file query.cif (mmCIF, C-alpha atoms)
data_target
loop_
_atom_site.label_atom_id
_atom_site.label_comp_id
_atom_site.auth_asym_id
_atom_site.auth_seq_id
_atom_site.Cartn_x
_atom_site.Cartn_y
_atom_site.Cartn_z
CA MET A 147 91.25 56.70 69.20
CA HIS A 148 89.49 54.14 71.28
CA LEU A 149 90.18 50.90 73.03
CA SER A 150 88.78 47.62 71.85
CA GLU A 151 87.10 45.07 74.07
CA GLY A 152 88.94 42.70 76.33
CA ILE A 153 91.91 44.85 77.25
CA LEU A 154 90.96 46.67 80.44
CA SER A 155 90.33 45.35 83.94
CA LEU A 156 87.10 45.48 85.93
CA PRO A 157 87.91 48.52 88.16
CA ILE A 158 88.83 50.63 85.11
CA LEU A 159 85.76 49.48 83.14
CA ALA A 160 83.46 50.13 86.10
CA GLY A 161 85.02 53.51 86.89
CA GLY A 162 84.74 54.60 83.27
CA GLY A 163 81.14 53.42 83.14
CA VAL A 164 80.12 55.38 86.24
CA VAL A 165 81.83 58.60 85.09
CA ALA A 166 80.33 58.22 81.60
CA VAL A 167 76.80 57.75 82.97
CA LEU A 168 77.15 60.82 85.21
CA GLY A 169 78.58 62.92 82.38
CA THR A 170 75.86 61.80 79.99
CA ALA A 171 73.19 62.64 82.58
CA VAL A 172 74.59 66.17 83.02
CA GLY A 173 74.89 66.60 79.24
CA LEU A 174 71.33 65.40 78.61
CA LYS A 175 69.96 67.63 81.34
CA ARG A 176 71.55 70.68 79.73
CA LEU A 177 70.34 69.66 76.28
CA ASP A 178 66.80 70.76 75.51
CA TYR A 179 64.64 69.24 72.78
CA ASP A 180 65.19 72.17 70.39
CA HIS A 181 68.91 71.51 70.27
CA ILE A 182 68.75 67.78 69.70
CA ILE A 183 68.87 68.24 65.94
CA GLY A 184 72.05 70.35 65.99
CA THR A 185 73.63 68.01 68.53
CA ALA A 186 72.75 64.93 66.49
CA MET A 187 74.24 66.59 63.43
CA LEU A 188 77.54 67.17 65.22
CA SER A 189 77.42 63.69 66.69
CA SER A 190 77.25 62.21 63.21
CA ALA A 191 79.94 64.66 62.06
CA PHE A 192 82.15 63.26 64.82
CA PHE A 193 81.41 59.77 63.49
CA VAL A 194 82.19 60.78 59.90
CA ALA A 195 85.40 62.59 60.96
CA SER A 196 86.84 59.25 62.02
CA LEU A 197 86.45 58.12 58.39
CA ILE A 198 88.46 61.09 57.07
CA HIS A 199 92.11 60.27 56.55
CA VAL A 200 94.52 63.15 56.17
CA PRO A 201 98.01 62.56 54.82
CA LEU A 202 100.97 62.64 57.17
CA GLY A 203 104.26 62.00 55.44
CA PRO A 204 104.06 58.65 53.67
CA ALA A 205 101.17 57.43 55.84
CA SER A 206 97.79 58.85 56.75
CA ILE A 207 96.01 59.42 60.00
CA HIS A 208 92.31 59.66 60.73
CA LEU A 209 90.79 62.69 62.39
CA VAL A 210 89.16 62.66 65.83
CA LEU A 211 87.87 66.24 66.20
CA ASN A 212 86.71 65.84 69.79
CA GLY A 213 88.11 69.31 70.53
CA LEU A 214 85.90 70.81 67.82
CA ILE A 215 82.82 68.97 69.14
CA GLY A 216 83.70 70.17 72.64
CA ILE A 217 83.88 73.86 71.79
CA LEU A 218 80.72 73.68 69.68
CA LEU A 219 78.64 71.70 72.18
CA GLY A 220 80.07 72.08 75.69
CA TRP A 221 78.55 69.55 78.09
CA ALA A 222 76.25 68.18 75.40
CA SER A 223 79.35 66.74 73.74
CA VAL A 224 79.25 63.87 76.28
CA PRO A 225 75.97 62.35 74.97
CA ALA A 226 76.92 63.37 71.42
CA ILE A 227 80.25 61.56 71.54
CA GLY A 228 78.70 58.68 73.47
CA ILE A 229 76.08 58.13 70.78
CA ALA A 230 78.70 58.29 68.02
CA LEU A 231 80.81 55.69 69.85
CA LEU A 232 77.79 53.46 70.42
CA LEU A 233 76.97 53.62 66.72
CA GLN A 234 80.57 52.82 65.82
CA ALA A 235 80.43 49.79 68.09
CA PHE A 236 77.19 48.59 66.49
CA LEU A 237 78.01 49.44 62.86
CA PHE A 238 81.75 48.71 62.69
CA GLY A 239 82.53 46.67 65.78
CA TYR A 240 85.07 49.28 66.96
CA GLY A 241 85.02 49.33 70.72
CA GLY A 242 82.11 47.59 72.38
CA LEU A 243 79.53 47.70 75.12
CA THR A 244 81.78 46.99 78.10
CA VAL A 245 84.46 49.55 77.16
CA LEU A 246 81.90 52.11 76.00
CA GLY A 247 82.07 53.99 79.32
CA VAL A 248 85.85 54.20 79.30
CA ASN A 249 85.89 55.25 75.66
CA ILE A 250 83.33 57.98 76.34
CA VAL A 251 85.50 59.31 79.16
CA ILE A 252 88.63 59.17 76.98
CA MET A 253 87.00 61.17 74.18
CA ALA A 254 84.40 63.37 75.91
CA ALA A 255 86.10 64.47 79.12
CA PRO A 256 88.79 66.37 77.14
CA ALA A 257 86.03 67.81 74.92
CA VAL A 258 84.19 69.28 77.92
CA LEU A 259 87.45 70.44 79.48
CA VAL A 260 88.65 72.36 76.41
CA SER A 261 85.23 74.00 76.09
CA LEU A 262 85.62 75.27 79.65
CA LEU A 263 89.25 76.30 79.14
CA PHE A 264 89.11 77.90 75.70
CA GLY A 265 85.40 78.63 75.22
CA ARG A 266 85.78 82.29 76.10
CA MET A 267 88.75 82.78 73.78
CA ILE A 268 86.80 81.32 70.89
CA LYS A 269 83.80 83.61 71.34
CA LYS A 270 86.01 86.64 70.61
CA PRO A 271 86.76 87.23 66.93
CA GLY A 272 90.27 87.66 65.56
CA LYS A 273 93.66 86.21 66.43
CA GLN A 274 92.58 85.04 69.87
CA GLN A 275 89.85 82.91 68.33
CA MET A 276 92.33 81.20 66.02
CA LEU A 277 94.74 80.53 68.87
CA GLY A 278 91.95 79.27 71.12
CA ALA A 279 90.70 76.90 68.41
CA PHE A 280 94.19 75.54 67.77
CA LEU A 281 94.80 75.00 71.47
CA ALA A 282 91.41 73.37 71.94
CA GLY A 283 91.98 70.91 69.07
CA ALA A 284 95.51 70.03 70.16
CA THR A 285 94.82 69.87 73.90
CA ALA A 286 91.82 67.59 73.43
CA ILE A 287 93.95 65.02 71.60
CA LEU A 288 96.74 65.28 74.16
CA LEU A 289 94.32 64.75 77.06
CA SER A 290 92.56 61.88 75.29
CA THR A 291 95.85 60.11 74.68
CA ILE A 292 96.89 60.61 78.29
CA LEU A 293 93.56 59.21 79.53
CA LEU A 294 93.93 56.24 77.17
CA ALA A 295 97.44 55.59 78.43
CA LEU A 296 96.28 55.87 82.05
CA ALA A 297 93.43 53.39 81.45
CA MET A 298 95.91 50.87 80.02
CA ILE A 299 98.56 51.37 82.69
CA GLY A 300 95.90 51.22 85.42
CA THR A 301 94.88 47.80 84.10
CA ASP A 302 98.34 46.28 83.98
CA SER A 303 101.69 47.93 84.47
CA SER A 304 103.21 45.89 81.64
CA PHE A 305 101.23 48.08 79.23
CA ILE A 306 103.53 50.97 80.05
CA ASP A 307 105.70 50.63 76.93
CA THR A 308 102.73 50.12 74.62
CA ALA A 309 101.13 53.23 76.13
CA ARG A 310 104.33 55.20 75.65
CA LEU A 311 104.45 54.12 72.00
CA LEU A 312 100.84 55.23 71.50
CA LEU A 313 101.55 58.57 73.15
CA ILE A 314 104.45 59.27 70.80
CA ALA A 315 102.45 58.12 67.78
CA GLN A 316 99.66 60.59 68.64
CA LEU A 317 101.92 63.65 68.87
CA PRO A 318 101.68 64.55 65.15
CA LEU A 319 97.91 64.08 65.33
CA MET A 320 97.85 66.75 68.04
CA LEU A 321 99.32 69.35 65.67
CA ILE A 322 97.11 68.29 62.76
CA GLU A 323 93.95 68.37 64.86
CA GLY A 324 94.88 71.78 66.24
CA THR A 325 95.47 73.14 62.75
CA ILE A 326 92.31 71.66 61.27
CA THR A 327 90.16 72.73 64.24
CA MET A 328 91.54 76.25 63.76
CA PHE A 329 90.63 76.31 60.06
CA VAL A 330 87.16 74.83 60.65
CA LEU A 331 86.47 77.40 63.37
CA SER A 332 87.70 80.38 61.36
CA PHE A 333 85.62 79.18 58.40
CA LEU A 334 82.48 78.77 60.52
CA ALA A 335 83.03 82.17 62.17
CA ARG A 336 83.14 83.85 58.76
CA VAL A 337 80.43 81.89 56.95
CA GLN A 338 77.85 80.92 59.56
CA PRO A 339 78.71 82.21 63.03
CA GLU A 340 75.45 80.92 64.51
CA LEU A 341 76.99 77.44 64.48
CA LEU A 342 79.47 78.65 67.10
CA HIS A 343 76.60 79.35 69.47
CA LEU A 344 74.67 76.14 68.96
CA ASN A 345 74.55 75.48 72.63
CA SER A 346 73.71 78.91 73.99
CA ALA A 347 71.40 80.68 71.56
CA PRO A 348 67.83 79.48 71.01
CA THR A 349 67.17 78.09 67.54
CA PRO A 350 65.06 80.51 65.52
CA MET B 86 79.72 54.21 52.75
CA ILE B 87 78.01 53.39 56.02
CA SER B 88 75.96 50.21 55.82
CA GLU B 89 74.60 47.46 58.00
CA PRO B 90 75.79 44.28 56.27
CA PHE B 91 74.67 41.94 59.04
CA ALA B 92 71.20 43.35 59.72
CA ILE B 93 69.40 41.50 56.93
CA GLY B 94 68.69 37.83 57.37
CA ASP B 95 66.11 35.41 58.68
CA SER B 96 68.09 33.31 61.14
CA LEU B 97 66.78 32.64 64.63
CA LEU B 98 68.96 35.47 65.97
CA HIS B 99 67.72 37.93 63.34
CA ARG B 100 64.14 37.26 64.35
CA ALA B 101 64.75 37.44 68.11
CA ASP B 102 63.76 40.43 70.23
CA PRO B 103 66.61 43.01 70.07
CA ALA B 104 66.08 43.89 73.74
CA VAL B 105 66.86 40.28 74.70
CA LYS B 106 69.85 40.20 72.35
CA ILE B 107 71.30 43.42 73.79
CA THR B 108 70.82 42.19 77.35
CA GLY B 109 72.49 38.90 76.46
CA ALA B 110 75.35 40.62 74.62
CA LEU B 111 76.03 42.93 77.55
CA LEU B 112 75.97 40.05 80.05
CA LEU B 113 78.19 37.70 78.04
CA THR B 114 80.74 40.29 76.92
CA LEU B 115 81.02 41.68 80.45
CA ILE B 116 81.77 38.25 81.89
CA ILE B 117 84.38 37.58 79.22
CA ALA B 118 85.93 41.05 79.50
CA VAL B 119 86.56 40.88 83.26
CA SER B 120 87.76 37.28 83.50
CA SER B 121 91.37 36.81 84.47
CA SER B 122 91.78 33.13 83.59
CA LEU B 123 92.23 31.89 80.06
CA ALA B 124 89.38 29.35 80.22
CA THR B 125 86.53 31.87 80.02
CA PRO B 126 87.82 33.81 76.98
CA VAL B 127 88.54 30.57 75.09
CA ALA B 128 85.02 29.33 75.80
CA GLY B 129 83.75 32.80 74.89
CA LEU B 130 85.47 32.62 71.53
CA VAL B 131 83.90 29.21 70.88
CA LEU B 132 80.49 30.60 71.88
CA GLY B 133 81.09 33.63 69.63
CA LEU B 134 81.90 31.36 66.67
CA MET B 135 78.76 29.30 67.35
CA LEU B 136 76.55 32.39 67.56
CA ALA B 137 78.11 33.84 64.40
CA ALA B 138 77.49 30.56 62.59
CA GLY B 139 73.98 30.41 64.01
CA ALA B 140 73.22 33.91 62.76
CA ARG B 141 74.69 32.94 59.35
CA LEU B 142 76.70 36.17 59.23
CA PRO B 143 78.15 37.03 55.81
CA LEU B 144 81.82 36.07 55.94
CA GLY B 145 83.34 38.93 53.91
CA PRO B 146 82.22 41.78 56.16
CA LEU B 147 82.92 39.63 59.23
CA TYR B 148 86.56 39.03 58.20
CA LYS B 149 86.95 42.74 57.54
CA ARG B 150 85.60 43.60 60.96
CA LEU B 151 87.85 41.07 62.71
CA LEU B 152 90.87 42.26 60.74
CA ALA B 153 90.35 45.87 61.83
CA VAL B 154 90.10 44.84 65.48
CA ASN B 155 93.14 42.59 65.28
CA LEU B 156 95.41 45.36 64.00
CA PHE B 157 95.59 46.75 67.52
CA ILE B 158 96.11 43.23 68.88
CA LEU B 159 99.07 42.95 66.52
CA LEU B 160 100.60 46.05 68.13
CA LEU B 161 100.19 44.37 71.52
CA TRP B 162 101.88 41.20 70.24
CA ILE B 163 104.79 43.31 69.03
CA THR B 164 105.26 45.18 72.30
CA LEU B 165 103.98 43.03 75.17
CA PRO B 166 106.13 39.89 74.81
CA LEU B 167 109.26 42.05 74.80
CA THR B 168 108.29 44.46 77.54
CA GLY B 169 105.80 42.53 79.65
CA GLY B 170 108.13 41.84 82.56
CA GLY B 171 107.83 38.66 84.62
CA GLU B 172 110.01 35.65 83.94
CA ALA B 173 112.21 35.69 80.89
CA ILE B 174 111.66 32.49 78.93
CA THR B 175 114.17 32.71 76.20
CA PRO B 176 116.58 35.41 75.11
CA LEU B 177 115.86 36.81 71.65
CA GLY B 178 119.00 38.59 70.59
CA PRO B 179 119.48 41.46 73.03
CA LEU B 180 115.86 41.15 74.24
CA ASP B 181 114.07 38.70 76.50
CA LEU B 182 110.72 37.16 75.73
CA SER B 183 108.61 37.55 78.84
CA SER B 184 106.16 34.88 79.90
CA ARG B 185 103.80 37.38 81.50
CA GLY B 186 103.68 39.54 78.41
CA ILE B 187 102.82 36.58 76.21
CA GLU B 188 100.12 35.40 78.61
CA LEU B 189 98.56 38.86 78.66
CA ALA B 190 98.65 39.20 74.88
CA LEU B 191 97.11 35.72 74.49
CA LEU B 192 94.36 36.52 77.00
CA ILE B 193 93.51 39.78 75.22
CA THR B 194 93.50 38.13 71.78
CA PHE B 195 90.92 35.53 72.88
CA LYS B 196 88.83 38.08 74.78
CA THR B 197 88.72 40.65 71.99
CA ASN B 198 87.87 38.23 69.19
CA GLY B 199 85.28 36.38 71.26
CA ILE B 200 83.59 39.62 72.28
CA VAL B 201 83.55 41.05 68.76
CA LEU B 202 81.98 37.84 67.43
CA ILE B 203 79.30 37.77 70.14
CA LEU B 204 78.58 41.47 69.74
CA THR B 205 78.29 41.15 65.97
CA ALA B 206 76.08 38.07 66.12
CA LEU B 207 73.78 39.61 68.73
CA THR B 208 73.62 43.34 68.05
CA ALA B 209 74.55 43.80 64.39
CA THR B 210 71.74 41.41 63.42
CA SER B 211 69.21 44.15 64.23
CA SER B 212 68.99 47.48 62.46
CA ILE B 213 69.89 50.61 64.44
CA LEU B 214 66.24 51.65 64.30
CA GLU B 215 65.19 48.41 66.01
CA ILE B 216 68.03 48.74 68.52
CA GLY B 217 66.96 52.29 69.35
CA HIS B 218 63.43 51.14 70.06
CA SER B 219 64.50 48.25 72.20
CA LEU B 220 66.89 50.47 74.17
CA GLU B 221 63.88 52.61 74.96
CA ARG B 222 62.04 49.50 76.13
CA LEU B 223 65.06 48.85 78.36
CA HIS B 224 64.29 52.26 79.95
CA LEU B 225 67.12 54.40 78.61
CA PRO B 226 66.18 58.11 78.63
CA HIS B 227 63.97 59.18 75.74
CA LYS B 228 66.23 62.15 74.90
CA LEU B 229 69.18 59.81 74.45
CA ILE B 230 67.20 57.51 72.15
CA LEU B 231 66.01 60.47 70.11
CA LEU B 232 69.62 61.62 69.83
CA LEU B 233 70.69 58.13 68.76
CA LEU B 234 68.05 57.77 66.07
CA THR B 235 68.49 61.32 64.77
CA THR B 236 72.27 60.90 64.66
CA TYR B 237 71.84 57.67 62.75
CA ARG B 238 69.40 59.40 60.40
CA TYR B 239 72.02 62.09 59.63
CA LEU B 240 75.01 59.79 59.25
CA GLY B 241 74.40 58.99 55.62
CA LEU B 242 73.44 62.58 54.92
CA ILE B 243 76.63 64.05 56.33
CA GLU B 244 78.78 61.45 54.65
CA GLN B 245 77.09 62.27 51.34
CA GLU B 246 77.64 65.99 51.79
CA TYR B 247 81.28 65.38 52.65
CA GLN B 248 81.83 63.10 49.64
CA ARG B 249 80.18 65.65 47.37
CA LEU B 250 82.51 68.42 48.52
CA ARG B 251 85.46 66.04 48.31
CA ARG B 252 84.55 65.24 44.71
CA SER B 253 84.23 68.88 43.78
CA ALA B 254 87.63 69.52 45.35
CA ALA B 255 89.06 66.64 43.33
CA LEU B 256 87.55 68.13 40.16
CA ARG B 257 89.52 71.28 40.95
CA CYS B 258 92.73 69.23 41.05
CA PHE B 259 93.04 69.09 44.84
CA SER B 260 95.62 66.48 45.74
CA THR B 261 96.69 65.76 49.28
CA SER B 262 100.15 65.91 50.78
CA THR B 263 101.67 66.90 54.11
CA ASN B 264 101.39 70.67 53.96
CA LEU B 265 99.39 73.56 55.31
CA HIS B 266 97.40 73.91 52.09
CA THR B 267 96.04 70.36 52.49
CA TYR B 268 95.10 70.92 56.11
CA ARG B 269 93.48 74.26 55.34
CA THR B 270 91.46 72.67 52.53
CA TYR B 271 90.35 69.85 54.83
CA GLY B 272 89.42 72.39 57.49
CA TYR B 273 87.26 74.34 55.02
CA LEU B 274 85.80 71.10 53.63
CA ILE B 275 84.75 70.01 57.11
CA GLY B 276 83.44 73.48 57.92
CA MET B 277 81.38 73.54 54.74
CA THR B 278 80.12 70.01 55.42
CA LEU B 279 78.97 71.14 58.87
CA ILE B 280 77.17 74.18 57.48
CA ARG B 281 75.43 72.31 54.68
CA SER B 282 74.46 69.43 56.95
CA TYR B 283 73.20 71.85 59.56
CA ASP B 284 71.00 73.66 57.06
CA ARG B 285 69.79 70.41 55.58
CA SER B 286 69.10 68.84 58.97
CA ARG B 287 67.10 71.91 59.97
CA ARG B 288 65.02 71.70 56.79
CA ILE B 289 64.40 68.00 57.36
CA HIS B 290 63.43 68.68 60.94
CA LYS B 291 60.95 71.36 59.91
CA ALA B 292 59.46 69.04 57.30
CA MET B 293 59.16 66.34 59.94
CA LEU B 294 57.45 68.73 62.38
CA MET B 295 54.99 69.73 59.68
CA ARG B 296 54.10 66.08 59.19
CA GLY B 297 53.37 65.67 62.87
CA PHE B 298 56.69 64.39 64.24
CA GLN B 299 56.41 64.20 68.02
CA GLY B 300 59.74 62.73 68.97
CA HIS B 301 59.02 59.12 67.99
CA PHE B 302 60.21 57.17 64.99
CA PRO B 303 57.50 54.57 64.46
CA LEU B 304 58.42 51.00 63.56
CA LEU B 305 56.49 49.01 60.98
CA ALA B 306 56.81 45.78 62.92
CA LEU B 307 55.74 45.86 66.53
CA GLN B 308 58.42 44.74 68.97
CA ALA B 309 57.48 42.40 71.74
CA THR B 310 59.13 39.75 73.85
CA ARG B 311 57.72 36.38 72.79
CA PRO B 312 58.03 33.10 74.73
CA ALA B 313 60.82 32.02 72.34
CA ASP B 314 62.73 35.16 73.32
CA LEU B 315 62.43 34.26 76.99
CA LEU B 316 63.97 30.88 76.13
CA LEU B 317 66.81 32.72 74.38
CA LEU B 318 67.29 34.90 77.45
CA LEU B 319 67.46 31.75 79.60
CA PHE B 320 70.04 30.35 77.17
CA PHE B 321 72.16 33.51 77.52
CA LEU B 322 71.86 33.36 81.31
CA ALA B 323 72.96 29.72 81.28
CA CYS B 324 75.89 30.53 79.00
CA GLY B 325 76.86 33.45 81.24
CA THR B 326 76.76 31.32 84.37
CA GLY B 327 78.77 28.64 82.61
CA LEU B 328 81.39 31.14 81.45
CA ALA B 329 81.64 32.69 84.90
CA LEU B 330 81.98 29.33 86.69
CA LEU B 331 84.34 27.74 84.15
CA PRO B 332 87.62 28.85 85.85
CA VAL B 333 86.46 27.21 89.11
CA PHE B 334 86.27 23.77 87.56
CA TRP B 335 88.98 24.01 84.98
#
call {"tool": "encode", "arguments": {"input": "query.cif", "output": "structure tokens"}}
result
Amino acid sequence: MHLSEGILSLPILAGGGVVAVLGTAVGLKRLDYDHIIGTAMLSSAFFVASLIHVPLGPASIHLVLNGLIGILLGWASVPAIGIALLLQAFLFGYGGLTVLGVNIVIMAAPAVLVSLLFGRMIKKPGKQQMLGAFLAGATAILLSTILLALAMIGTDSSFIDTARLLLIAQLPLMLIEGTITMFVLSFLARVQPELLHLNSAPTP
Amino acid sequence: MISEPFAIGDSLLHRADPAVKITGALLLTLIIAVSSSLATPVAGLVLGLMLAAGARLPLGPLYKRLLAVNLFILLLWITLPLTGGGEAITPLGPLDLSSRGIELALLITFKTNGIVLILTALTATSSILEIGHSLERLHLPHKLILLLLTTYRYLGLIEQEYQRLRRSAALRCFSTSTNLHTYRTYGYLIGMTLIRSYDRSRRIHKAMLMRGFQGHFPLLALQATRPADLLLLLFFLACGTGLALLPVFW
């Protein structure tokens, strides 16, 4: 879910760029050299997730998983998502250099927010963990779509109907992302719980 | 599979310093992206076509890339002319075609395609490894570059692990449809991919440390800005000035 080049206006592009740089700086500061490997791994997982298409009725929809990245990485998800988006721009031509900042904000701000909101729920095992993971996955998509819509409407008010259409189209993705994030989390918690603490525990 | 179809070649742009190309790409795409008159994006598209021709980009992958980008543009062409507001030009059944909506959609179409062409001709003609190194020469933080190069290193790995699990699921007659079973299977597939990739990336990292990895991925060819690259930079600056001043004269 990102915007291509040439759509947004200067104030939105500049605002997104400034917020993205600040967020990346905070994320990098909190990321020490020992955790770069784990972060890079999740950054490429975020990239690969966008290539996974899950069926939805007669069509299919590709995953975003920024909620999952958020709860696994916290603040470090800003540089992780930023790098994945930069690579997508270079390798596929999706998005570009001028909208990179806005796209980072659209994807990473919800990731950080859900890690702050639901992080504690997810650390506890059991039903609460499942609920927290579902909410994190679904909320991240909802917030991303809202940010995307706001960026478009802030550029030109005639985008309002296009933005509304996008918002409605993303609603099923919200449920799917929530469900898949929940299953990924419950699987990780059972099989290799250390992955849930990538960002807090020192790597042995 | 993740590949870099444009990175191999021996055109002038392939041989140029990636740091100069990235600077030029950022400058030119920024000027095109923020322009509000139609003249700059049209000129930008022409420049993009010239650069793409100059870099002798393979046409197949280029068409594919442009097609993917233009899908979203298509959505804009479906919605904007009907909902764009402004003057109604001609009634279309119960709806009005709006002049402002069409103008906006036209502007975006030129901007997007021009920018994608310029970006492809200038940045996709270097490998990610070269781009990482030149970003470091452009004084981006070392941690970020390390993250970029390591992420790129793991991309193929993670995709491979995912495809392997996907194949083994297919061998066990997993077929997808819209139900909880499918989503649960995908969830476990992704979880398992993460675990395997994590273990594998840790092993690779340890092997790299044992062989003296100190946070730098060395390049075989030394990067440097040559006089020809300075000429290229001047060319980009001239193009940028031209693009920025075009609406004043036209």
call {"tool": "residues_around", "arguments": {"input": "query.cif", "residues": "Trp335 (chain B)", "least_positions_apart": "3", "cutoff": "10 Å", "atoms": "all atoms listed in the file", "output": "compact mmCIF listing (two decimals) with C-alpha atoms, in the frame of the given file"}}
result
# COMPACT_ATOMS: atom_id res chain seq x y z
CA SER B 122 91.78 33.13 83.59
CA LEU B 123 92.23 31.89 80.06
CA ALA B 124 89.38 29.35 80.22
CA THR B 125 86.53 31.87 80.02
CA LEU B 330 81.98 29.33 86.69
CA LEU B 331 84.34 27.74 84.15
CA PRO B 332 87.62 28.85 85.85
call {"tool": "resolve_selection", "arguments": {"input": "query.cif", "expression": "the PyMOL selection byres ((chain A and resi 325) around 9)", "output": "JSON, numbers by chain"}}
result
{"A": [279, 280, 281, 283, 284, 320, 321, 322, 323, 324, 326, 327, 328, 329, 330], "B": [265, 268, 269, 272]}
call {"tool": "resolve_selection", "arguments": {"input": "query.cif", "expression": "the PyMOL selection byres ((chain B) within 8 of (chain A))", "output": "count of residues only"}}
result
60
call {"tool": "closest_residue", "arguments": {"input": "query.cif", "among": "B:Ser211, B:Ser184, B:Ser253, B:Thr108", "to": "Thr270 (chain B)", "atoms": "only C-alpha atoms"}}
result
B:Ser253
call {"tool": "closest_residue", "arguments": {"input": "query.cif", "among": "A:Leu219, A:Ala166, A:Ile250, A:Met276", "to": "His148 (chain A)", "atoms": "all atoms listed in the file"}}
result
A:Ile250
call {"tool": "residues_around", "arguments": {"input": "query.cif", "residues": "region 302-315 of chain B", "least_positions_apart": "6", "cutoff": "12 Å", "atoms": "only C-alpha atoms", "output": "PyMOL selection string"}}
result
chain B and resi 97-109+211-223+227+230-235+237-238+293+321-322
call {"tool": "resolve_selection", "arguments": {"input": "query.cif", "expression": "the PyMOL selection byres ((chain A and resi 287) around 8)", "output": "list in words"}}
result
Val210, Asn212, Gly213, Pro256, Gly283, Ala284, Thr285, Ala286, Leu288, Leu289, Ser290, Thr291, Gln316, Leu319, Met320 and Glu323 of chain A
call {"tool": "residues_around", "arguments": {"input": "query.cif", "residues": "Val260 (chain A)", "least_positions_apart": "2", "cutoff": "7 Å", "atoms": "all atoms listed in the file", "output": "PyMOL selection string"}}
result
chain A and resi 213+216-217+256-258+262-264+282+286
call {"tool": "atom_distance", "arguments": {"input": "query.cif", "atom1": "CA of Asn249 (chain A)", "atom2": "CA of Pro143 (chain B)"}}
result
28.0 Å
call {"tool": "atom_distance", "arguments": {"input": "query.cif", "atom1": "CA of Pro126 (chain B)", "atom2": "CA of Ile203 (chain B)"}}
result
11.6 Å
call {"tool": "atom_distance", "arguments": {"input": "query.cif", "atom1": "CA of Leu342 (chain A)", "atom2": "CA of Arg266 (chain A)"}}
result
11.6 Å
call {"tool": "closest_residue", "arguments": {"input": "query.cif", "among": "B:Gly300, B:Leu319, B:Ala206, B:Arg141", "to": "Ala110 (chain B)", "atoms": "all atoms listed in the file"}}
result
B:Ala206
call {"tool": "closest_residue", "arguments": {"input": "query.cif", "among": "A:Trp221, A:Thr301, A:Leu214, A:Gln234", "to": "Ser196 (chain A)", "atoms": "all atoms listed in the file"}}
result
A:Gln234
call {"tool": "closest_residue", "arguments": {"input": "query.cif", "among": "B:Leu207, B:Leu182, B:Ile163, B:Leu189", "to": "Gly133 (chain B)", "atoms": "only C-alpha atoms"}}
result
B:Leu207
